[in-house]
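Enquirer: My structure is stored as protein-v5.cif, with mmCIF, C-alpha atoms.
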data_coords
loop_
_atom_site.label_atom_id
_atom_site.label_comp_id
_atom_site.auth_asym_id
_atom_site.auth_seq_id
_atom_site.Cartn_x
_atom_site.Cartn_y
_atom_site.Cartn_z
CA MET O 677 101.04 86.20 124.22
CA SER O 678 101.26 88.03 120.93
CA LEU O 679 98.47 88.34 118.39
CA THR O 680 99.16 88.26 114.67
CA ALA O 681 96.36 89.16 112.26
CA VAL O 682 96.33 88.17 108.58
CA TYR O 683 94.26 90.69 106.64
CA VAL O 684 93.22 91.60 103.10
CA ALA O 685 95.34 94.58 102.09
CA ASP O 686 92.66 96.01 99.72
CA THR O 687 89.85 96.19 102.30
CA GLY O 688 91.53 95.79 105.71
CA HIS O 689 89.46 92.72 106.69
CA VAL O 690 91.03 90.28 109.10
CA VAL O 691 90.73 86.78 107.62
CA GLY O 692 92.76 84.90 110.21
CA ALA O 693 94.47 85.41 113.54
CA LEU O 694 96.79 83.47 115.80
CA THR O 695 98.36 83.90 119.18
CA LEU O 696 101.70 82.56 120.33
CA THR O 697 103.47 82.48 123.62
CA GLY O 698 107.14 83.37 123.55
CA ALA O 699 108.50 84.61 120.23
CA ALA O 700 106.35 86.74 117.97
CA ALA O 701 104.77 85.15 114.91
CA PRO O 702 106.29 85.93 111.52
CA THR O 703 104.67 88.80 109.64
CA ASP O 704 105.57 87.35 106.23
CA VAL O 705 102.22 86.14 104.86
CA ALA O 706 103.78 83.34 102.80
CA GLU O 707 105.27 81.89 106.00
CA LEU O 708 101.85 81.98 107.65
CA VAL O 709 99.47 80.82 104.90
CA GLY O 710 101.54 79.56 101.95
CA PRO O 711 100.49 80.58 98.42
CA ALA O 712 96.82 80.99 99.36
CA LEU O 713 94.60 81.01 102.42
CA PRO O 714 91.82 78.42 102.10
CA VAL O 715 88.42 79.66 103.28
CA ARG O 716 85.73 77.03 103.73
CA VAL O 717 82.05 77.81 103.15
CA SER O 718 79.06 75.61 103.99
CA LEU O 719 76.51 75.30 101.21
CA GLY O 720 74.10 73.33 103.42
CA ALA O 721 73.11 69.66 103.29
CA GLY O 722 76.61 68.69 104.47
CA ARG O 723 78.26 70.26 101.41
CA THR O 724 81.31 72.49 101.81
CA VAL O 725 83.39 74.36 99.26
CA SER O 726 86.78 75.99 99.60
CA LEU O 727 87.72 79.43 98.32
CA SER O 728 91.38 80.32 97.73
CA LEU O 729 92.41 83.78 98.88
CA PRO O 730 95.77 84.42 97.13
CA ASP O 731 98.67 85.46 99.37
CA ARG O 732 99.40 88.48 97.11
CA ARG O 733 96.18 90.07 98.42
CA LEU O 734 97.13 89.48 102.07
CA ALA O 735 99.33 91.13 104.67
CA ALA O 736 100.05 90.44 108.33
CA VAL O 737 100.42 92.67 111.36
CA ALA O 738 101.34 92.23 115.01
CA ALA O 739 98.16 93.44 116.70
CA ASP O 740 96.98 94.41 120.15
CA ASP O 741 95.26 91.63 122.08
CA GLU O 742 91.66 91.27 120.84
CA PRO O 743 90.13 87.91 121.89
CA GLY O 744 87.04 88.38 119.71
CA VAL O 745 89.11 88.24 116.53
CA LEU O 746 89.97 84.57 117.15
CA ALA O 747 86.28 83.61 117.15
CA ASP O 748 85.05 85.94 114.38
CA PRO O 749 87.92 87.39 112.35
CA LEU O 750 85.69 88.83 109.59
CA ALA O 751 84.10 91.17 112.15
CA PHE O 752 87.41 93.04 112.51
CA GLY O 753 89.55 95.23 110.32
CA VAL O 754 93.02 96.72 110.23
CA ASP O 755 93.32 100.49 109.97
CA ALA O 756 96.16 101.62 107.69
CA PRO O 757 95.37 105.23 106.67
CA ASP O 758 98.95 106.05 105.67
CA GLY O 759 99.75 102.62 104.27
CA ARG O 760 101.20 101.43 107.59
CA PRO O 761 98.86 99.18 109.59
CA ARG O 762 98.06 100.22 113.14
CA PRO O 763 98.11 97.50 115.83
CA THR O 764 94.61 98.23 117.15
CA LEU O 765 91.96 96.16 115.38
CA LEU O 766 88.64 97.85 114.58
CA ARG O 767 85.24 96.19 115.01
CA LEU O 768 83.42 96.56 111.68
CA ALA O 769 79.75 97.38 111.12
CA ALA O 770 77.58 94.28 110.71
CA TRP O 771 75.15 93.79 107.83
CA SER O 772 73.04 90.77 106.94
CA GLU O 773 71.15 91.57 103.73
CA GLY O 774 72.15 92.90 100.34
CA LEU O 775 73.85 90.10 98.41
CA ALA O 776 72.24 89.05 95.13
CA LEU O 777 74.01 86.42 93.03
CA ALA O 778 72.92 86.14 89.41
CA ALA O 779 74.31 84.21 86.47
CA ASP O 780 75.90 87.44 85.19
CA GLY O 781 77.08 89.14 88.39
CA LEU O 782 77.10 89.67 92.12
CA THR O 783 75.27 92.76 93.38
CA VAL O 784 76.43 94.04 96.77
CA THR O 785 74.07 96.50 98.47
CA LEU O 786 74.92 98.09 101.82
CA PRO O 787 72.21 99.21 104.29
CA LEU O 788 73.15 102.84 103.69
CA ALA O 789 75.15 104.98 101.27
CA VAL O 790 78.88 105.37 101.90
CA ASN O 791 80.61 108.77 102.08
CA ARG O 792 83.65 107.78 100.06
CA VAL O 793 84.70 105.43 97.29
CA THR O 794 84.67 102.04 99.02
CA PRO O 795 86.70 99.02 97.83
CA VAL O 796 84.92 95.66 97.44
CA LEU O 797 86.53 92.23 97.08
CA ALA O 798 84.44 89.11 96.48
CA LEU O 799 85.46 85.49 96.09
CA ILE O 800 83.00 83.07 94.46
CA SER O 801 83.52 79.32 94.26
CA ASP O 802 82.93 77.68 90.89
CA GLY O 803 83.72 73.99 91.05
CA GLU O 804 87.41 73.73 91.89
CA ASP O 805 88.02 77.35 90.83
CA THR O 806 87.65 80.62 92.69
CA HIS O 807 86.54 83.81 90.93
CA VAL O 808 88.21 86.87 92.49
CA LEU O 809 86.14 89.99 91.79
CA THR O 810 87.13 93.55 92.65
CA GLY O 811 85.25 96.80 92.40
CA GLU O 812 84.20 99.94 94.24
CA ILE O 813 81.02 101.37 95.63
CA PRO O 814 80.99 104.98 94.39
CA ASP O 815 80.91 107.95 96.77
CA ARG O 816 77.37 108.60 98.12
CA GLN O 817 76.12 105.30 96.71
CA SER O 818 75.25 102.00 98.43
CA ALA O 819 75.67 99.34 95.75
CA VAL O 820 77.90 97.85 93.09
CA THR O 821 77.50 94.94 90.66
CA LEU O 822 80.61 92.85 90.03
CA PRO O 823 80.43 90.97 86.70
CA VAL O 824 80.96 87.20 86.63
CA THR O 825 79.61 84.37 84.50
CA LEU O 826 77.97 81.48 86.36
CA GLU O 827 75.49 78.76 85.50
CA ALA O 828 71.95 79.71 86.57
CA GLY O 829 70.71 77.51 89.41
CA SER O 830 74.20 76.50 90.56
CA ARG O 831 75.25 76.81 94.25
CA HIS O 832 78.36 78.80 95.18
CA GLY O 833 80.31 79.83 98.24
CA LEU O 834 80.81 83.58 98.68
CA LEU O 835 83.25 85.68 100.64
CA VAL O 836 82.29 89.35 100.30
CA LEU O 837 84.48 92.06 101.80
CA VAL O 838 83.44 95.73 101.73
CA ALA O 839 85.87 98.14 103.41
CA GLY O 840 84.46 99.33 106.74
CA TRP O 841 81.82 96.59 106.94
CA ALA O 842 82.07 93.10 108.46
CA GLY O 843 82.94 90.37 105.96
CA ARG O 844 80.22 88.03 104.74
CA LEU O 845 80.81 84.30 104.27
CA THR O 846 77.79 82.50 102.87
CA GLY O 847 76.41 80.16 100.24
CA ALA O 848 74.09 81.33 97.45
CA GLU O 849 72.40 80.08 94.32
CA ALA O 850 72.98 81.94 91.06
CA GLN O 851 69.61 83.20 89.79
#
Please lay out the structure from this file as structure tokens.
Expert:
Amino acid sequence: MSLTAVYVADTGHVVGALTLTGAAAPTDVAELVGPALPVRVSLGAGRTVSLSLPDRRLAAVAADDEPGVLADPLAFGVDAPDGRPRPTLLRLAAWSEGLALAADGLTVTLPLAVNRVTPVLALISDGEDTHVLTGEIPDRQSAVTLPVTLEAGSRHGLLVLVAGWAGRLTGAEAQ
């Protein structure tokens, strides 16, 4: 079997994986996901929204066998220090707090300060649309606020990716 991981080029997060027997899977993202990868998020009470992760933000790599990535892809990342992805997937640090959605922005706070400028990518559902927000947590800091305009009290699906940390997929109400 061969494992192919689809990942976000900006942050290294694996967002999908597949295994095939026989021939290797294509590494052209458009062949794998089309123009965008749909990511579904439960908002509770039987309500689900879909976020669209554009193919231009994605890449694919033939990876070493890692069964855990099939069950929880957002817990893994691709290491590409020189711009070329390595086949070994990395398990990313988990975090469970630190997302605050407001009508004027999403604040992302890590459990501890980072030792380098750290890319952040967030997708927020808004009706049929998806807001794609990018930013960076500064060196020796632990938080960033990404500006967005939402209706206070509205429910949204969130995909939050911080380089080096496990991805977060959750629902939230804009305060």
Enquirer: May I ask which of the residues O:Asp740, O:Asp758, O:Glu849, O:Glu773 is the closest one to O:Ile800, counting all atoms listed in the file?
Expert: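 Ranked by minimum distance to O:Ile800, first place goes to O:Glu849.
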Enquirer: What do you get, as a tab-separated table (two decimals) with C-alpha atoms, in the coordinates of the input, if you spell out every residue that the PyMOL selection byres ((chain O and resi 714) around 7) selects here?
Expert:
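Contents of the output file result-v3.tsv:
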chain	number	residue	atom	x	y	z
O	712	ALA	CA	96.82	80.99	99.36
O	713	LEU	CA	94.60	81.01	102.42
O	715	VAL	CA	88.42	79.66	103.28
O	716	ARG	CA	85.73	77.03	103.73
O	726	SER	CA	86.78	75.99	99.60
O	727	LEU	CA	87.72	79.43	98.32
O	728	SER	CA	91.38	80.32	97.73
O	729	LEU	CA	92.41	83.78	98.88
Enquirer: Within 12 Å of O:Ala706, counting only C-alpha atoms, which residues show up once you throw out same-chain ones fewer than 4 positions away? Write them as a list in words, please.
Expert: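 Here the answer would be Val682, Pro702, Gly710, Pro711, Ala712, Leu713, Pro730, Asp731, Arg732, Arg733, Leu734, Ala735 and Ala736 of chain O.
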Enquirer: For a cut-off of 7 Å around (81.2, 98.3, 92.1), file coordinates, pick out all residues using all atoms listed in the file and list them as an mmCIF file with C-alpha atoms, in the frame of the given file.
Expert:
data_model
loop_
_atom_site.group_PDB
_atom_site.id
_atom_site.type_symbol
_atom_site.label_atom_id
_atom_site.label_comp_id
_atom_site.auth_asym_id
_atom_site.auth_seq_id
_atom_site.Cartn_x
_atom_site.Cartn_y
_atom_site.Cartn_z
ATOM 1 C CA GLY O 811 85.250 96.800 92.400
ATOM 2 C CA GLU O 812 84.200 99.940 94.240
ATOM 3 C CA ILE O 813 81.020 101.370 95.630
ATOM 4 C CA ALA O 819 75.670 99.340 95.750
ATOM 5 C CA VAL O 820 77.900 97.850 93.090
ATOM 6 C CA THR O 821 77.500 94.940 90.660
ATOM 7 C CA LEU O 822 80.610 92.850 90.030
#
Enquirer: Do you know which residues lie at most 6 Å from (78.0, 75.7, 98.5), with coordinates as in the file and all atoms listed in the file counted, and could you write them as a PyMOL selection string?
Expert: chain O and resi 718-719+724-725+831-833+847
Enquirer: Kindly save the residues from that selection, with C-alpha atoms included, as a compact mmCIF listing (two decimals), in the frame of the given file.
Expert:
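Once everything was written out, this is again_27.txt:
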# COMPACT_ATOMS: atom_id res chain seq x y z
CA SER O 718 79.06 75.61 103.99
CA LEU O 719 76.51 75.30 101.21
CA THR O 724 81.31 72.49 101.81
CA VAL O 725 83.39 74.36 99.26
CA ARG O 831 75.25 76.81 94.25
CA HIS O 832 78.36 78.80 95.18
CA GLY O 833 80.31 79.83 98.24
CA GLY O 847 76.41 80.16 100.24
Enquirer: Which residue, O:Arg816, O:Thr825, O:Leu777, O:Leu765, has the smallest gap to O:Ala789 when you use all atoms listed in the file?
Expert: O:Arg816
Enquirer: Do you have the atom CA of O:Ser830-atom CA of O:Gly843 distance handy?
Expert: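 Atom-to-atom, atom CA of O:Ser830 to atom CA of O:Gly843, that is 22.5 Å.
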Enquirer: Please expand the PyMOL selection byres ((chain O and resi 686-690) around 6) into the concrete residues it hits in this file, giving the result as an MDAnalysis selection string.
Expert: chainID O and resid 682:685 691:692 749:750 752:754 839
